[in-house]
Amino acid sequence: MAVNLFNEAIKDDLTGRQIKELKQIVEDESGDMKKARPKIVDKLLSFGKDVASNIVANLLTNPSIWSGL
């Protein structure tokens, strides 16, 4: 359930092209998330500061998530 909520939050706030760019970063790092993480953060920042905060806000305001905090 949590994964579905996360996926929906991402899809709500990122364009298809932005999602592809993030996937490409992970692919370029051969799935090594430790190496990909800083690049993903930089890429999210390049999309605009509001994008990352909107994703987090979308997650936090979901009733399923909020009730578990």
# chains A, B, ... in the order shown; residues from 1 in each chain; ligands from 1
$ select_by_dssp --residues "chain A" --states "helix (DSSP H, G or I)" --output "JSON, numbers by chain"
{"A": [2, 3, 4, 5, 6, 7, 8, 9, 10, 11, 12, 13, 16, 17, 18, 19, 20, 21, 22, 23, 24, 25, 26, 27, 28, 33, 34, 35, 36, 37, 38, 39, 40, 41, 42, 43, 44, 45, 46, 49, 50, 51, 52, 53, 54, 55, 56, 57, 58, 59, 60, 63, 64, 65, 66]}
$ residues_around --residues "segment 14-19 of chain A" --least-positions-apart "2" --cutoff "9 Å" --atoms "only C-alpha atoms" --output "list in words"
Ala9, Ile10, Lys11, Asp12, Glu21, Leu22, Lys23, Gln24, Lys43, Leu44, Phe47, Val51 and Ile55 of chain A
$ closest_residue --among "A:Leu69, A:Ile25, A:Val56, A:Met33" --to "Phe6 of chain A" --atoms "only C-alpha atoms"
A:Val56
$ atom_distance --atom1 "atom CA of Asn54 of chain A" --atom2 "atom CA of Lys35 of chain A"
24.2 Å
$ atom_distance --atom1 "atom CA of Ser46 of chain A" --atom2 "atom CA of Val26 of chain A"
16.5 Å
$ residues_around --residues "Leu59 of chain A" --least-positions-apart "6" --cutoff "10 Å" --atoms "only C-alpha atoms" --output "number ranges by chain"
A: 2, 5-10, 53, 65-66
$ atom_distance --atom1 "atom CA of Glu27 of chain A" --atom2 "atom CA of Asn4 of chain A"
21.4 Å
$ decode --residues "segment 54-66 of chain A" --atoms "all heavy atoms" --output "mmCIF file, in the first residue's frame"
data_model
loop_
_atom_site.group_PDB
_atom_site.id
_atom_site.type_symbol
_atom_site.label_atom_id
_atom_site.label_comp_id
_atom_site.auth_asym_id
_atom_site.auth_seq_id
_atom_site.Cartn_x
_atom_site.Cartn_y
_atom_site.Cartn_z
ATOM 1 N N ASN A 54 6.333 19.407 -2.873
ATOM 2 C CA ASN A 54 4.972 18.987 -3.232
ATOM 3 C C ASN A 54 4.794 17.478 -3.096
ATOM 4 O O ASN A 54 3.743 17.008 -2.655
ATOM 5 C CB ASN A 54 4.626 19.417 -4.656
ATOM 6 C CG ASN A 54 4.360 20.894 -4.771
ATOM 7 O OD1 ASN A 54 4.114 21.571 -3.786
ATOM 8 N ND2 ASN A 54 4.415 21.399 -5.984
ATOM 9 N N ILE A 55 5.812 16.715 -3.469
ATOM 10 C CA ILE A 55 5.743 15.262 -3.323
ATOM 11 C C ILE A 55 5.622 14.894 -1.848
ATOM 12 O O ILE A 55 4.776 14.078 -1.461
ATOM 13 C CB ILE A 55 6.961 14.571 -3.971
ATOM 14 C CG1 ILE A 55 6.906 14.737 -5.493
ATOM 15 C CG2 ILE A 55 7.013 13.084 -3.599
ATOM 16 C CD1 ILE A 55 8.172 14.324 -6.217
ATOM 17 N N VAL A 56 6.454 15.486 -1.021
ATOM 18 C CA VAL A 56 6.406 15.207 0.417
ATOM 19 C C VAL A 56 5.058 15.628 0.996
ATOM 20 O O VAL A 56 4.437 14.882 1.764
ATOM 21 C CB VAL A 56 7.571 15.897 1.157
ATOM 22 C CG1 VAL A 56 7.421 15.768 2.665
ATOM 23 C CG2 VAL A 56 8.902 15.309 0.712
ATOM 24 N N ALA A 57 4.577 16.804 0.623
ATOM 25 C CA ALA A 57 3.281 17.275 1.124
ATOM 26 C C ALA A 57 2.156 16.351 0.670
ATOM 27 O O ALA A 57 1.241 16.052 1.448
ATOM 28 C CB ALA A 57 3.024 18.695 0.646
ATOM 29 N N ASN A 58 2.227 15.891 -0.556
ATOM 30 C CA ASN A 58 1.225 14.964 -1.083
ATOM 31 C C ASN A 58 1.202 13.686 -0.245
ATOM 32 O O ASN A 58 0.138 13.170 0.094
ATOM 33 C CB ASN A 58 1.529 14.662 -2.547
ATOM 34 C CG ASN A 58 0.395 13.990 -3.272
ATOM 35 O OD1 ASN A 58 -0.572 13.547 -2.699
ATOM 36 N ND2 ASN A 58 0.541 13.905 -4.580
ATOM 37 N N LEU A 59 2.377 13.180 0.098
ATOM 38 C CA LEU A 59 2.459 11.980 0.922
ATOM 39 C C LEU A 59 1.934 12.230 2.331
ATOM 40 O O LEU A 59 1.146 11.451 2.865
ATOM 41 C CB LEU A 59 3.902 11.467 0.994
ATOM 42 C CG LEU A 59 4.449 10.856 -0.285
ATOM 43 C CD1 LEU A 59 5.948 10.664 -0.180
ATOM 44 C CD2 LEU A 59 3.761 9.536 -0.578
ATOM 45 N N LEU A 60 2.379 13.323 2.935
ATOM 46 C CA LEU A 60 2.004 13.601 4.322
ATOM 47 C C LEU A 60 0.523 13.912 4.492
ATOM 48 O O LEU A 60 -0.046 13.648 5.554
ATOM 49 C CB LEU A 60 2.835 14.753 4.878
ATOM 50 C CG LEU A 60 4.311 14.454 5.103
ATOM 51 C CD1 LEU A 60 5.039 15.698 5.589
ATOM 52 C CD2 LEU A 60 4.492 13.327 6.103
ATOM 53 N N THR A 61 -0.100 14.464 3.469
ATOM 54 C CA THR A 61 -1.508 14.815 3.594
ATOM 55 C C THR A 61 -2.435 13.672 3.179
ATOM 56 O O THR A 61 -3.651 13.804 3.289
ATOM 57 C CB THR A 61 -1.854 16.070 2.774
ATOM 58 O OG1 THR A 61 -1.493 15.861 1.407
ATOM 59 C CG2 THR A 61 -1.129 17.289 3.323
ATOM 60 N N ASN A 62 -1.864 12.564 2.747
ATOM 61 C CA ASN A 62 -2.679 11.397 2.441
ATOM 62 C C ASN A 62 -3.188 10.825 3.763
ATOM 63 O O ASN A 62 -2.403 10.566 4.673
ATOM 64 C CB ASN A 62 -1.851 10.359 1.688
ATOM 65 C CG ASN A 62 -2.679 9.176 1.281
ATOM 66 O OD1 ASN A 62 -3.159 8.427 2.112
ATOM 67 N ND2 ASN A 62 -2.841 9.017 -0.027
ATOM 68 N N PRO A 63 -4.486 10.626 3.886
ATOM 69 C CA PRO A 63 -5.046 10.139 5.154
ATOM 70 C C PRO A 63 -4.421 8.837 5.647
ATOM 71 O O PRO A 63 -4.247 8.646 6.847
ATOM 72 C CB PRO A 63 -6.534 9.940 4.836
ATOM 73 C CG PRO A 63 -6.808 10.818 3.673
ATOM 74 C CD PRO A 63 -5.535 10.879 2.887
ATOM 75 N N SER A 64 -4.071 7.950 4.734
ATOM 76 C CA SER A 64 -3.464 6.669 5.140
ATOM 77 C C SER A 64 -2.106 6.877 5.795
ATOM 78 O O SER A 64 -1.756 6.199 6.750
ATOM 79 C CB SER A 64 -3.307 5.750 3.940
ATOM 80 O OG SER A 64 -4.556 5.452 3.379
ATOM 81 N N ILE A 65 -1.346 7.810 5.273
ATOM 82 C CA ILE A 65 -0.021 8.116 5.830
ATOM 83 C C ILE A 65 -0.180 8.916 7.118
ATOM 84 O O ILE A 65 0.448 8.618 8.130
ATOM 85 C CB ILE A 65 0.849 8.895 4.815
ATOM 86 C CG1 ILE A 65 1.067 8.069 3.546
ATOM 87 C CG2 ILE A 65 2.154 9.328 5.431
ATOM 88 C CD1 ILE A 65 1.906 6.834 3.721
ATOM 89 N N TRP A 66 -1.017 9.941 7.060
ATOM 90 C CA TRP A 66 -1.177 10.833 8.195
ATOM 91 C C TRP A 66 -1.612 10.095 9.454
ATOM 92 O O TRP A 66 -1.111 10.349 10.541
ATOM 93 C CB TRP A 66 -2.174 11.938 7.854
ATOM 94 C CG TRP A 66 -2.215 13.006 8.887
ATOM 95 C CD1 TRP A 66 -3.214 13.227 9.794
ATOM 96 C CD2 TRP A 66 -1.217 13.982 9.174
ATOM 97 N NE1 TRP A 66 -2.903 14.284 10.612
ATOM 98 C CE2 TRP A 66 -1.668 14.754 10.252
ATOM 99 C CE3 TRP A 66 0.030 14.258 8.625
ATOM 100 C CZ2 TRP A 66 -0.922 15.816 10.785
ATOM 101 C CZ3 TRP A 66 0.761 15.305 9.151
ATOM 102 C CH2 TRP A 66 0.296 16.058 10.215
#
